[in-house]
>>> print(open('data.cif').read())   # mmCIF, C-alpha atoms and all ligand atoms
data_query
#
loop_
_atom_site.label_atom_id
_atom_site.label_comp_id
_atom_site.auth_asym_id
_atom_site.auth_seq_id
_atom_site.Cartn_x
_atom_site.Cartn_y
_atom_site.Cartn_z
CA MET A 21 175.10 65.33 116.34
CA PRO A 22 178.91 65.04 116.66
CA LEU A 23 180.53 67.92 114.74
CA SER A 24 182.73 65.48 112.81
CA ARG A 25 179.64 63.86 111.30
CA SER A 26 177.57 67.00 110.71
CA ILE A 27 177.41 68.15 107.10
CA SER A 28 177.04 71.90 106.67
CA LEU A 29 175.04 73.42 103.82
CA THR A 30 178.35 74.58 102.29
CA ARG A 31 179.82 71.06 102.33
CA PHE A 32 176.57 69.60 100.98
CA LEU A 33 176.57 72.06 98.06
CA ILE A 34 180.22 71.37 97.22
CA GLU A 35 179.61 67.61 97.27
CA GLU A 36 176.47 68.06 95.12
CA GLN A 37 178.51 70.17 92.66
CA ARG A 38 181.05 67.34 92.36
CA ALA A 39 178.26 64.80 91.83
CA HIS A 40 176.04 66.78 89.46
CA GLN A 41 177.68 68.95 86.82
CA HIS A 42 174.70 71.31 86.46
CA ILE A 43 175.44 72.81 89.88
CA ASN A 44 178.04 75.51 89.31
CA ALA A 45 179.78 78.04 91.55
CA ASP A 46 177.19 80.74 90.84
CA LEU A 47 174.27 78.50 91.82
CA ARG A 48 176.15 77.39 94.93
CA LEU A 49 176.76 81.05 95.83
CA LEU A 50 173.09 81.88 95.18
CA ILE A 51 171.88 79.20 97.60
CA GLU A 52 174.42 80.22 100.26
CA VAL A 53 173.41 83.89 99.93
CA VAL A 54 169.70 83.09 100.22
CA ALA A 55 170.39 80.84 103.23
CA ARG A 56 172.36 83.62 104.89
CA ALA A 57 169.54 86.10 104.21
CA CYS A 58 167.09 83.63 105.80
CA LYS A 59 169.26 83.58 108.94
CA THR A 60 168.95 87.38 109.10
CA ILE A 61 165.18 87.14 108.61
CA ALA A 62 165.01 84.46 111.33
CA ILE A 63 166.67 86.87 113.77
CA ALA A 64 164.19 89.64 112.92
CA VAL A 65 161.17 87.29 113.13
CA GLY A 66 162.49 85.80 116.38
CA LYS A 67 162.54 89.18 118.12
CA GLY A 68 158.75 89.36 118.00
CA ASP A 69 157.41 92.35 119.89
CA LEU A 70 160.90 93.24 121.11
CA GLY A 71 161.99 94.11 117.58
CA GLY A 72 159.35 96.80 117.06
CA LEU A 73 158.60 95.12 113.73
CA LEU A 74 155.17 93.60 114.29
CA GLY A 75 152.05 94.95 112.70
CA GLU A 76 151.30 96.52 109.35
CA ALA A 77 153.73 98.63 107.34
CA GLY A 78 150.95 100.93 106.16
CA SER A 79 151.50 99.88 102.54
CA GLY A 80 149.95 97.30 100.21
CA ASN A 81 151.42 94.86 97.70
CA VAL A 82 150.47 93.97 94.16
CA GLN A 83 148.11 91.34 95.57
CA GLY A 84 146.10 94.10 97.24
CA GLU A 85 147.18 92.74 100.63
CA ALA A 86 148.31 94.96 103.53
CA GLN A 87 152.06 94.50 103.97
CA GLN A 88 153.40 93.62 107.40
CA LYS A 89 156.53 95.47 108.50
CA LEU A 90 158.39 92.16 108.43
CA ASP A 91 157.21 91.52 104.84
CA VAL A 92 158.93 94.72 103.75
CA LEU A 93 162.07 94.08 105.82
CA SER A 94 162.38 90.46 104.63
CA ASN A 95 162.06 91.62 101.04
CA GLU A 96 164.79 94.22 101.53
CA ILE A 97 167.08 91.67 103.23
CA LEU A 98 166.81 89.31 100.25
CA LEU A 99 167.32 92.08 97.68
CA GLU A 100 170.39 93.50 99.43
CA ALA A 101 171.92 90.05 100.01
CA ASN A 102 171.62 89.13 96.33
CA ALA A 103 172.69 92.42 94.75
CA TRP A 104 176.52 92.22 94.76
CA GLY A 105 177.36 88.55 94.12
CA GLY A 106 177.26 88.56 90.33
CA HIS A 107 175.13 85.42 90.27
CA LEU A 108 171.75 86.98 89.40
CA ALA A 109 170.26 88.73 86.37
CA GLY A 110 167.30 89.87 88.48
CA CYS A 111 164.81 89.16 91.26
CA ALA A 112 161.02 89.02 91.47
CA SER A 113 159.03 89.10 94.67
CA GLU A 114 155.45 88.81 95.90
CA GLU A 115 156.05 92.21 97.51
CA MET A 116 157.06 94.05 94.32
CA ASP A 117 154.84 94.81 91.31
CA ASP A 118 157.69 94.53 88.80
CA PRO A 119 160.94 92.55 88.61
CA HIS A 120 163.89 94.10 90.43
CA PRO A 121 167.03 94.57 88.27
CA ILE A 122 170.51 94.02 89.64
CA PRO A 123 172.03 97.53 90.13
CA ASP A 124 174.34 98.46 87.27
CA VAL A 125 177.25 98.92 89.71
CA TYR A 126 177.31 95.16 90.22
CA PRO A 127 178.08 92.32 87.77
CA LYS A 128 175.16 90.24 86.56
CA GLY A 129 174.80 86.47 86.37
CA ASN A 130 172.59 83.94 84.64
CA TYR A 131 170.01 83.16 87.29
CA LEU A 132 166.60 84.60 88.12
CA LEU A 133 165.50 84.47 91.75
CA LEU A 134 161.81 84.63 92.68
CA PHE A 135 160.58 84.67 96.24
CA ASP A 136 157.81 85.20 98.73
CA PRO A 137 159.98 86.83 101.38
CA LEU A 138 157.69 86.10 104.30
CA ASP A 139 154.85 83.72 103.54
CA GLY A 140 152.02 83.46 106.06
CA SER A 141 152.84 86.90 107.43
CA SER A 142 149.31 87.34 108.79
CA ASN A 143 150.46 84.84 111.42
CA ILE A 144 153.43 86.90 112.60
CA ASP A 145 151.56 88.90 115.24
CA VAL A 146 150.19 85.71 116.81
CA ASN A 147 153.57 83.96 116.88
CA ILE A 148 152.73 81.16 114.45
CA SER A 149 155.39 79.77 112.08
CA VAL A 150 156.01 81.75 108.90
CA GLY A 151 158.56 81.23 106.14
CA THR A 152 160.49 82.32 103.09
CA ILE A 153 159.86 80.54 99.77
CA PHE A 154 162.24 80.82 96.79
CA SER A 155 162.56 79.56 93.24
CA VAL A 156 165.54 79.70 90.85
CA LEU A 157 165.34 79.84 87.03
CA HIS A 158 167.85 80.39 84.26
CA CYS A 159 167.74 83.84 82.68
CA PRO A 160 167.11 83.37 78.95
CA ASP A 161 170.30 83.61 76.87
CA GLY A 162 171.16 87.11 75.73
CA VAL A 163 168.78 88.81 78.20
CA THR A 164 170.58 91.32 80.41
CA GLN A 165 167.58 93.33 81.65
CA PRO A 166 165.02 90.59 82.35
CA ARG A 167 161.40 91.70 82.16
CA ALA A 168 158.37 89.94 83.67
CA GLU A 169 157.94 87.75 80.60
CA HIS A 170 161.46 86.37 81.04
CA TYR A 171 160.48 85.09 84.51
CA CYS A 172 157.30 83.46 83.19
CA GLN A 173 158.73 79.99 82.65
CA PRO A 174 156.94 76.73 83.61
CA GLY A 175 157.91 75.31 86.98
CA ALA A 176 159.60 72.34 85.32
CA MET A 177 162.33 74.79 84.26
CA GLN A 178 163.39 75.49 87.86
CA VAL A 179 167.01 74.61 88.68
CA ALA A 180 166.49 74.95 92.44
CA ALA A 181 163.76 75.72 94.96
CA GLY A 182 163.41 75.87 98.69
CA TYR A 183 161.84 77.36 101.76
CA THR A 184 162.93 78.29 105.24
CA VAL A 185 160.37 77.81 108.00
CA TYR A 186 160.81 80.06 111.04
CA GLY A 187 159.33 77.79 113.69
CA PRO A 188 160.50 76.29 117.00
CA SER A 189 163.61 75.56 114.93
CA THR A 190 164.70 77.33 111.77
CA VAL A 191 164.71 74.79 108.94
CA LEU A 192 165.80 75.20 105.33
CA VAL A 193 164.37 72.67 102.84
CA LEU A 194 166.10 72.60 99.46
CA THR A 195 166.06 70.81 96.14
CA LEU A 196 168.56 71.19 93.29
CA GLY A 197 166.69 68.62 91.22
CA HIS A 198 168.29 65.63 92.93
CA GLY A 199 166.07 64.93 95.92
CA THR A 200 164.69 67.16 98.68
CA HIS A 201 166.95 67.75 101.67
CA VAL A 202 166.46 69.32 105.10
CA PHE A 203 168.91 71.56 106.96
CA THR A 204 168.40 72.74 110.53
CA LEU A 205 169.97 75.98 111.75
CA ASP A 206 172.52 75.32 114.47
CA ARG A 207 172.10 78.62 116.28
CA GLU A 208 175.35 78.18 118.22
CA LEU A 209 177.41 77.55 115.08
CA GLY A 210 175.26 79.95 113.03
CA SER A 211 175.15 77.47 110.15
CA PHE A 212 172.57 75.22 108.52
CA VAL A 213 173.36 71.52 109.12
CA LEU A 214 172.01 68.63 107.02
CA THR A 215 169.47 66.80 109.19
CA ARG A 216 167.48 64.80 106.59
CA ARG A 217 168.78 63.70 103.19
CA ASP A 218 166.41 62.76 100.34
CA VAL A 219 163.06 63.10 102.16
CA GLN A 220 160.28 60.77 100.95
CA ILE A 221 156.63 61.76 101.49
CA PRO A 222 154.42 58.74 102.38
CA ALA A 223 152.30 57.87 99.33
CA GLN A 224 149.10 57.61 101.40
CA THR A 225 147.72 59.77 104.17
CA ARG A 226 144.82 60.33 106.54
CA GLU A 227 145.45 64.07 106.94
CA PHE A 228 144.26 66.97 104.78
CA ALA A 229 144.81 70.71 104.98
CA ILE A 230 142.26 73.19 103.62
CA ASN A 231 140.52 76.38 104.79
CA MET A 232 137.02 74.91 105.40
CA SER A 233 135.45 78.38 105.77
CA ASN A 234 135.51 78.67 101.97
CA GLN A 235 133.51 75.45 101.48
CA ARG A 236 130.41 77.13 100.02
CA HIS A 237 132.55 78.86 97.38
CA TRP A 238 134.27 75.73 96.03
CA GLU A 239 133.35 74.12 92.73
CA GLU A 240 131.35 70.87 92.88
CA PRO A 241 134.18 68.27 92.54
CA THR A 242 136.14 69.95 95.35
CA GLN A 243 133.03 69.95 97.56
CA ARG A 244 132.43 66.27 96.76
CA TYR A 245 136.05 65.28 97.40
CA ILE A 246 136.17 67.02 100.79
CA ALA A 247 132.70 65.72 101.77
CA ASP A 248 133.96 62.16 101.18
CA LEU A 249 137.01 62.82 103.37
CA LEU A 250 134.72 64.15 106.14
CA ALA A 251 132.43 61.09 105.79
CA GLY A 252 135.38 59.05 107.00
CA LYS A 253 135.07 55.28 107.50
CA ASP A 254 131.26 55.48 107.01
CA GLY A 255 131.73 57.03 103.58
CA PRO A 256 133.24 55.96 100.23
CA ARG A 257 136.81 56.37 101.46
CA GLY A 258 136.28 53.77 104.21
CA LYS A 259 138.72 55.47 106.61
CA ASP A 260 138.69 58.46 108.93
CA PHE A 261 140.73 61.56 108.13
CA ASN A 262 142.25 64.29 110.31
CA MET A 263 142.45 67.97 109.37
CA ARG A 264 145.09 70.64 109.93
CA TRP A 265 145.18 74.25 108.66
CA VAL A 266 147.95 76.60 109.84
CA ALA A 267 147.18 79.28 107.21
CA SER A 268 150.92 79.43 106.57
CA MET A 269 151.74 77.43 103.46
CA VAL A 270 155.35 76.85 104.53
CA ALA A 271 154.22 75.33 107.86
CA ASP A 272 151.55 73.15 106.25
CA VAL A 273 153.88 71.94 103.50
CA HIS A 274 156.67 71.23 106.00
CA ARG A 275 154.29 69.01 108.01
CA ILE A 276 153.38 67.17 104.80
CA LEU A 277 157.03 66.72 103.79
CA THR A 278 157.68 65.37 107.28
CA ARG A 279 154.73 62.98 107.80
CA GLY A 280 152.56 63.06 104.66
CA GLY A 281 149.23 64.70 103.96
CA VAL A 282 147.51 66.70 101.26
CA PHE A 283 147.45 70.52 101.11
CA ILE A 284 144.61 72.09 99.15
CA TYR A 285 143.90 75.70 98.17
CA PRO A 286 141.32 75.20 95.40
CA TRP A 287 139.69 77.59 92.99
CA ASP A 288 136.73 79.29 94.65
CA ARG A 289 133.95 81.68 93.65
CA LYS A 290 134.93 84.32 96.21
CA ASP A 291 136.71 86.13 93.40
CA ALA A 292 136.00 84.24 90.19
CA SER A 293 138.61 86.38 88.41
CA LYS A 294 141.32 84.71 90.49
CA PRO A 295 141.92 80.97 89.85
CA GLY A 296 142.84 80.40 93.49
CA LYS A 297 144.73 82.36 96.17
CA LEU A 298 148.25 81.04 95.89
CA ARG A 299 150.73 82.48 93.44
CA LEU A 300 152.19 80.20 90.79
CA MET A 301 155.71 81.56 90.34
CA TYR A 302 156.93 81.90 93.93
CA GLU A 303 154.60 79.72 95.99
CA ALA A 304 153.08 76.85 93.98
CA ASN A 305 156.01 76.15 91.63
CA PRO A 306 158.79 75.95 94.26
CA MET A 307 156.58 73.90 96.59
CA ALA A 308 155.59 71.60 93.72
CA PHE A 309 159.27 71.05 92.80
CA LEU A 310 160.17 70.21 96.42
CA VAL A 311 157.17 67.88 96.82
CA GLU A 312 157.77 66.02 93.54
CA GLN A 313 161.45 65.60 94.38
CA ALA A 314 160.25 64.01 97.66
CA GLY A 315 158.06 61.48 95.81
CA GLY A 316 154.84 63.49 96.14
CA LYS A 317 152.59 65.13 93.55
CA ALA A 318 151.29 68.65 92.87
CA THR A 319 148.38 69.49 90.57
CA THR A 320 145.87 72.29 89.95
CA GLY A 321 143.19 69.65 90.57
CA ARG A 322 143.47 68.83 86.88
CA ASP A 323 146.99 69.43 85.55
CA ARG A 324 150.54 69.05 86.88
CA ILE A 325 151.51 72.42 88.42
CA LEU A 326 155.06 72.29 87.04
CA GLU A 327 153.65 72.19 83.50
CA VAL A 328 151.40 75.26 83.84
CA MET A 329 152.54 77.83 81.28
CA PRO A 330 152.68 81.18 83.12
CA THR A 331 151.16 84.27 81.49
CA ALA A 332 151.79 86.78 84.30
CA LEU A 333 154.37 87.16 87.06
CA HIS A 334 151.82 87.27 89.90
CA GLN A 335 149.25 84.89 88.51
CA ARG A 336 147.42 82.55 90.86
CA VAL A 337 146.72 78.84 90.58
CA PRO A 338 144.66 76.22 92.45
CA VAL A 339 146.92 73.91 94.48
CA PHE A 340 146.55 70.24 95.47
CA LEU A 341 149.90 68.86 96.68
CA GLY A 342 151.39 66.18 98.96
CA SER A 343 151.06 62.40 99.26
CA ARG A 344 150.92 61.14 95.69
CA ASP A 345 148.05 58.64 96.03
CA GLU A 346 145.84 61.25 97.73
CA VAL A 347 146.65 63.96 95.18
CA ASP A 348 145.80 61.43 92.45
CA GLU A 349 142.45 60.77 94.18
CA ALA A 350 141.60 64.47 94.49
CA THR A 351 142.61 65.08 90.87
CA ARG A 352 140.45 62.13 89.75
CA TYR A 353 137.35 63.80 91.29
CA HIS A 354 137.98 66.93 89.20
CA ARG A 355 138.84 65.15 85.95
CA ASP A 356 135.83 62.81 86.27
CA PHE A 357 133.62 65.86 86.86
CA ASP A 358 134.96 67.49 83.69
CA ALA A 359 134.55 64.29 81.68
CA ALA A 360 130.92 63.97 82.77
CA LYS A 361 130.01 67.48 81.59
P1 LIG A 401 143.68 81.77 104.17
C1 LIG A 401 149.32 83.13 103.53
O1 LIG A 401 148.69 84.39 103.36
C2 LIG A 401 148.97 82.28 102.32
O2 LIG A 401 149.42 82.90 101.14
C3 LIG A 401 149.54 80.88 102.49
O3 LIG A 401 150.72 80.87 103.19
C4 LIG A 401 148.44 80.14 103.22
O4 LIG A 401 148.41 78.76 102.93
C5 LIG A 401 147.17 80.83 102.72
O5 LIG A 401 147.55 82.13 102.25
C6 LIG A 401 146.16 80.99 103.82
O6 LIG A 401 144.98 81.48 103.23
O7 LIG A 401 142.57 81.99 103.17
O8 LIG A 401 143.46 80.56 105.02
O9 LIG A 401 144.04 82.99 104.98
#
>>> encode(input="data.cif", output="structure tokens")
Amino acid sequence: MPLSRSISLTRFLIEEQRAHQHINADLRLLIEVVARACKTIAIAVGKGDLGGLLGEAGSGNVQGEAQQKLDVLSNEILLEANAWGGHLAGCASEEMDDPHPIPDVYPKGNYLLLFDPLDGSSNIDVNISVGTIFSVLHCPDGVTQPRAEHYCQPGAMQVAAGYTVYGPSTVLVLTLGHGTHVFTLDRELGSFVLTRRDVQIPAQTREFAINMSNQRHWEEPTQRYIADLLAGKDGPRGKDFNMRWVASMVADVHRILTRGGVFIYPWDRKDASKPGKLRLMYEANPMAFLVEQAGGKATTGRDRILEVMPTALHQRVPVFLGSRDEVDEATRYHRDFDAAK
């Protein structure tokens, strides 16, 4: 792409700020800082075995999951990058039990940043795409030491959300509430360049993403919905479907944003105390915001994800997101099941 026509992330943010008053200098700085941190993470991830950073860190996170060395490093990179800018009141991460305050030596701002620093990290050692997911909220007025409850806002309150997928190319996907836009890292320039403006997810699809090994643990409407997809053109859907499952949400969602599809991580009986595997605040909410801004939908199978009222920082939620007509169909199976009870 000729340099004269390429639009850098910085230029895009400045032009968005001119067009939409709610984007201010602090939010612009926040996005630039997170993007820069993702470039640092991309370098660490890209070293693979040469970086001495593969494998487990020997610690566990609040989810009870073994932390990979790169989980811990990515978390530290994001915390350090966001400490000094004066744009944040605090951070929350999948890798930390409690919110992380901005050190008192630095000025504080009005935004809360939540992130999964390296989603899909179980794929790192086998060289499959992983990613960083982030969500931005306003810190409630008058709150200078935000606690977990101050982060627990419904996803509809997000002012920005995005992810960076560390794949064959490093791609940042961002929404500020006015469309979903794609930036590809120009490794020679060292900057993210706008490569797709205002992405639109096809309303219909023939592709679904789910971990089929959990089939026996799903509730009945989920089992029925998936069985009808598998029945293909001989079944009630009258068309054949394809299946993909990367086991890295960022990679699966990026495919859906690019060519359509439906991503499903439903509630299952494996651990009835957990309403699903994915975390609401820093996985489902940011992805739901991005997908809706791209013309798609995101529900729990029953309710719009962005309207779920959080009760805990690390709470989980069932996720059905992607092509709007297919998400509507999957949601109909669950609502009809409830209505027939
Ligand atoms: P499973 C990765 O651990 C993650 O949180 C998501 O990125 C991914 O979609 C899901 O879990 C994979 O779960 O049960 O297939 O390992």
>>> residues_around(input="data.cif", residues="Arg56 in chain A", least_positions_apart="3", cutoff="10 Å", atoms="all atoms listed in the file", output="list in words")
Leu50, Ile51, Glu52, Val53, Lys59, Thr60, Ile61, Ala62, Ile97, Leu98, Ala101, Gly210, Ser211 and Phe212 of chain A
>>> closest_residue(input="data.cif", among="A:Leu133, A:Ile43, A:Val54, A:Val92", to="Gly197 in chain A", atoms="only C-alpha atoms")
A:Ile43
>>> closest_residue(input="data.cif", among="A:Gln83, A:Ser233, A:Asn130, A:Thr200", to="Val311 in chain A", atoms="all atoms listed in the file")
A:Thr200
>>> residues_near_ligand(input="data.cif", ligand="ligand LIG 401 (chain A)", cutoff="6 Å", atoms="all atoms listed in the file", output="ChimeraX atom specification")
/A:139-140,231,267-269,298
>>> closest_residue(input="data.cif", among="A:Ser155, A:Arg207, A:Leu108, A:Ala332", to="Ile63 in chain A", atoms="all atoms listed in the file")
A:Arg207
>>> atom_distance(input="data.cif", atom1="CA of Lys317 in chain A", atom2="CA of Thr351 in chain A")
10.3 Å
>>> residues_around(input="data.cif", residues="Leu300 in chain A", least_positions_apart="5", cutoff="8 Å", atoms="only C-alpha atoms", output="PDB file with C-alpha atoms, in the frame of the given file")
ATOM      1  CA  ASN A 305     156.010  76.150  91.630  1.00  0.00           C
ATOM      2  CA  PRO A 330     152.680  81.180  83.120  1.00  0.00           C
ATOM      3  CA  HIS A 334     151.820  87.270  89.900  1.00  0.00           C
ATOM      4  CA  GLN A 335     149.250  84.890  88.510  1.00  0.00           C
ATOM      5  CA  ARG A 336     147.420  82.550  90.860  1.00  0.00           C
ATOM      6  CA  VAL A 337     146.720  78.840  90.580  1.00  0.00           C
TER       7      VAL A 337
END
>>> atom_distance(input="data.cif", atom1="CA of Lys67 in chain A", atom2="CA of Met116 in chain A")
24.9 Å
>>> closest_residue(input="data.cif", among="A:Phe283, A:Phe309, A:Tyr302, A:Tyr353", to="Gly321 in chain A", atoms="all atoms listed in the file")
A:Tyr353
>>> closest_residue(input="data.cif", among="A:His354, A:Arg299, A:Arg257, A:Arg167", to="Gln243 in chain A", atoms="all atoms listed in the file")
A:His354
>>> atom_distance(input="data.cif", atom1="CA of Ala318 in chain A", atom2="CA of Glu240 in chain A")
20.1 Å
>>> closest_residue(input="data.cif", among="A:Val191, A:Ile246, A:Leu73, A:Ile276", to="Leu205 in chain A", atoms="all atoms listed in the file")
A:Val191
>>> residues_near_point(input="data.cif", point="(174.2, 66.5, 106.0)", cutoff="6 Å", atoms="only C-alpha atoms", output="JSON, numbers by chain")
{"A": [26, 27, 213, 214, 215]}
>>> residues_around(input="data.cif", residues="Glu349 in chain A", least_positions_apart="6", cutoff="12 Å", atoms="only C-alpha atoms", output="list in words")
Ala223, Gln224, Thr225, Pro241, Thr242, Arg244, Tyr245, Ile246, Asp248, Leu249, Arg257, Val282, Lys317, Ala318, Thr319, Gly321, Arg322, Phe340, Leu341, Gly342, Ser343, Arg355 and Asp356 of chain A
>>> residues_near_point(input="data.cif", point="(153.5, 92.0, 107.0)", cutoff="12 Å", atoms="all atoms listed in the file", output="ChimeraX atom specification")
/A:65,73-81,85-95,114-115,136-145,150-151
>>> decode(input="data.cif", residues="range 255-272 of chain A", atoms="N, CA, C and O atoms", output="PDB file, in the first residue's frame")
ATOM      1  N   GLY A 255     -31.241 -32.250   7.240  1.00  0.00           N
ATOM      2  CA  GLY A 255     -31.945 -31.941   8.493  1.00  0.00           C
ATOM      3  C   GLY A 255     -32.775 -30.675   8.366  1.00  0.00           C
ATOM      4  O   GLY A 255     -32.943 -30.132   7.256  1.00  0.00           O
ATOM      5  N   PRO A 256     -33.256 -30.155   9.492  1.00  0.00           N
ATOM      6  CA  PRO A 256     -34.183 -29.006   9.479  1.00  0.00           C
ATOM      7  C   PRO A 256     -33.562 -27.717   8.950  1.00  0.00           C
ATOM      8  O   PRO A 256     -34.251 -26.829   8.490  1.00  0.00           O
ATOM      9  N   ARG A 257     -32.217 -27.635   8.968  1.00  0.00           N
ATOM     10  CA  ARG A 257     -31.607 -26.406   8.460  1.00  0.00           C
ATOM     11  C   ARG A 257     -31.524 -26.395   6.944  1.00  0.00           C
ATOM     12  O   ARG A 257     -31.321 -25.358   6.336  1.00  0.00           O
ATOM     13  N   GLY A 258     -31.579 -27.594   6.304  1.00  0.00           N
ATOM     14  CA  GLY A 258     -31.605 -27.659   4.845  1.00  0.00           C
ATOM     15  C   GLY A 258     -30.327 -27.228   4.162  1.00  0.00           C
ATOM     16  O   GLY A 258     -30.295 -26.964   2.955  1.00  0.00           O
ATOM     17  N   LYS A 259     -29.231 -27.098   4.925  1.00  0.00           N
ATOM     18  CA  LYS A 259     -27.938 -26.771   4.289  1.00  0.00           C
ATOM     19  C   LYS A 259     -26.818 -27.374   5.130  1.00  0.00           C
ATOM     20  O   LYS A 259     -26.964 -27.556   6.352  1.00  0.00           O
ATOM     21  N   ASP A 260     -25.708 -27.660   4.460  1.00  0.00           N
ATOM     22  CA  ASP A 260     -24.557 -28.239   5.175  1.00  0.00           C
ATOM     23  C   ASP A 260     -23.758 -27.133   5.862  1.00  0.00           C
ATOM     24  O   ASP A 260     -23.695 -25.996   5.377  1.00  0.00           O
ATOM     25  N   PHE A 261     -23.152 -27.493   6.993  1.00  0.00           N
ATOM     26  CA  PHE A 261     -22.314 -26.548   7.732  1.00  0.00           C
ATOM     27  C   PHE A 261     -20.896 -27.097   7.833  1.00  0.00           C
ATOM     28  O   PHE A 261     -20.674 -28.311   7.774  1.00  0.00           O
ATOM     29  N   ASN A 262     -19.935 -26.170   8.009  1.00  0.00           N
ATOM     30  CA  ASN A 262     -18.546 -26.541   8.254  1.00  0.00           C
ATOM     31  C   ASN A 262     -18.217 -26.202   9.698  1.00  0.00           C
ATOM     32  O   ASN A 262     -18.935 -25.419  10.335  1.00  0.00           O
ATOM     33  N   MET A 263     -17.172 -26.801  10.250  1.00  0.00           N
ATOM     34  CA  MET A 263     -16.811 -26.516  11.640  1.00  0.00           C
ATOM     35  C   MET A 263     -15.333 -26.153  11.761  1.00  0.00           C
ATOM     36  O   MET A 263     -14.500 -26.705  11.039  1.00  0.00           O
ATOM     37  N   ARG A 264     -15.041 -25.196  12.589  1.00  0.00           N
ATOM     38  CA  ARG A 264     -13.675 -24.812  12.926  1.00  0.00           C
ATOM     39  C   ARG A 264     -13.599 -24.644  14.446  1.00  0.00           C
ATOM     40  O   ARG A 264     -14.540 -24.172  15.058  1.00  0.00           O
ATOM     41  N   TRP A 265     -12.480 -25.025  15.049  1.00  0.00           N
ATOM     42  CA  TRP A 265     -12.255 -24.735  16.485  1.00  0.00           C
ATOM     43  C   TRP A 265     -10.755 -24.607  16.728  1.00  0.00           C
ATOM     44  O   TRP A 265     -10.032 -25.577  16.664  1.00  0.00           O
ATOM     45  N   VAL A 266     -10.283 -23.364  16.925  1.00  0.00           N
ATOM     46  CA  VAL A 266      -8.855 -23.128  17.123  1.00  0.00           C
ATOM     47  C   VAL A 266      -8.492 -23.255  18.600  1.00  0.00           C
ATOM     48  O   VAL A 266      -7.339 -23.458  18.957  1.00  0.00           O
ATOM     49  N   ALA A 267      -9.477 -23.111  19.474  1.00  0.00           N
ATOM     50  CA  ALA A 267      -9.272 -23.098  20.926  1.00  0.00           C
ATOM     51  C   ALA A 267      -8.453 -21.867  21.327  1.00  0.00           C
ATOM     52  O   ALA A 267      -7.758 -21.868  22.337  1.00  0.00           O
ATOM     53  N   SER A 268      -8.582 -20.835  20.522  1.00  0.00           N
ATOM     54  CA  SER A 268      -8.022 -19.512  20.832  1.00  0.00           C
ATOM     55  C   SER A 268      -9.091 -18.523  20.395  1.00  0.00           C
ATOM     56  O   SER A 268      -9.290 -18.301  19.192  1.00  0.00           O
ATOM     57  N   MET A 269      -9.795 -17.958  21.390  1.00  0.00           N
ATOM     58  CA  MET A 269     -10.973 -17.146  21.056  1.00  0.00           C
ATOM     59  C   MET A 269     -10.643 -16.048  20.061  1.00  0.00           C
ATOM     60  O   MET A 269     -11.404 -15.784  19.121  1.00  0.00           O
ATOM     61  N   VAL A 270      -9.453 -15.418  20.246  1.00  0.00           N
ATOM     62  CA  VAL A 270      -9.090 -14.303  19.366  1.00  0.00           C
ATOM     63  C   VAL A 270      -9.020 -14.775  17.920  1.00  0.00           C
ATOM     64  O   VAL A 270      -9.520 -14.112  17.004  1.00  0.00           O
ATOM     65  N   ALA A 271      -8.426 -15.965  17.704  1.00  0.00           N
ATOM     66  CA  ALA A 271      -8.296 -16.494  16.331  1.00  0.00           C
ATOM     67  C   ALA A 271      -9.656 -16.848  15.759  1.00  0.00           C
ATOM     68  O   ALA A 271      -9.965 -16.531  14.601  1.00  0.00           O
ATOM     69  N   ASP A 272     -10.498 -17.490  16.566  1.00  0.00           N
ATOM     70  CA  ASP A 272     -11.836 -17.863  16.068  1.00  0.00           C
ATOM     71  C   ASP A 272     -12.681 -16.622  15.776  1.00  0.00           C
ATOM     72  O   ASP A 272     -13.371 -16.553  14.741  1.00  0.00           O
TER      73      ASP A 272
END
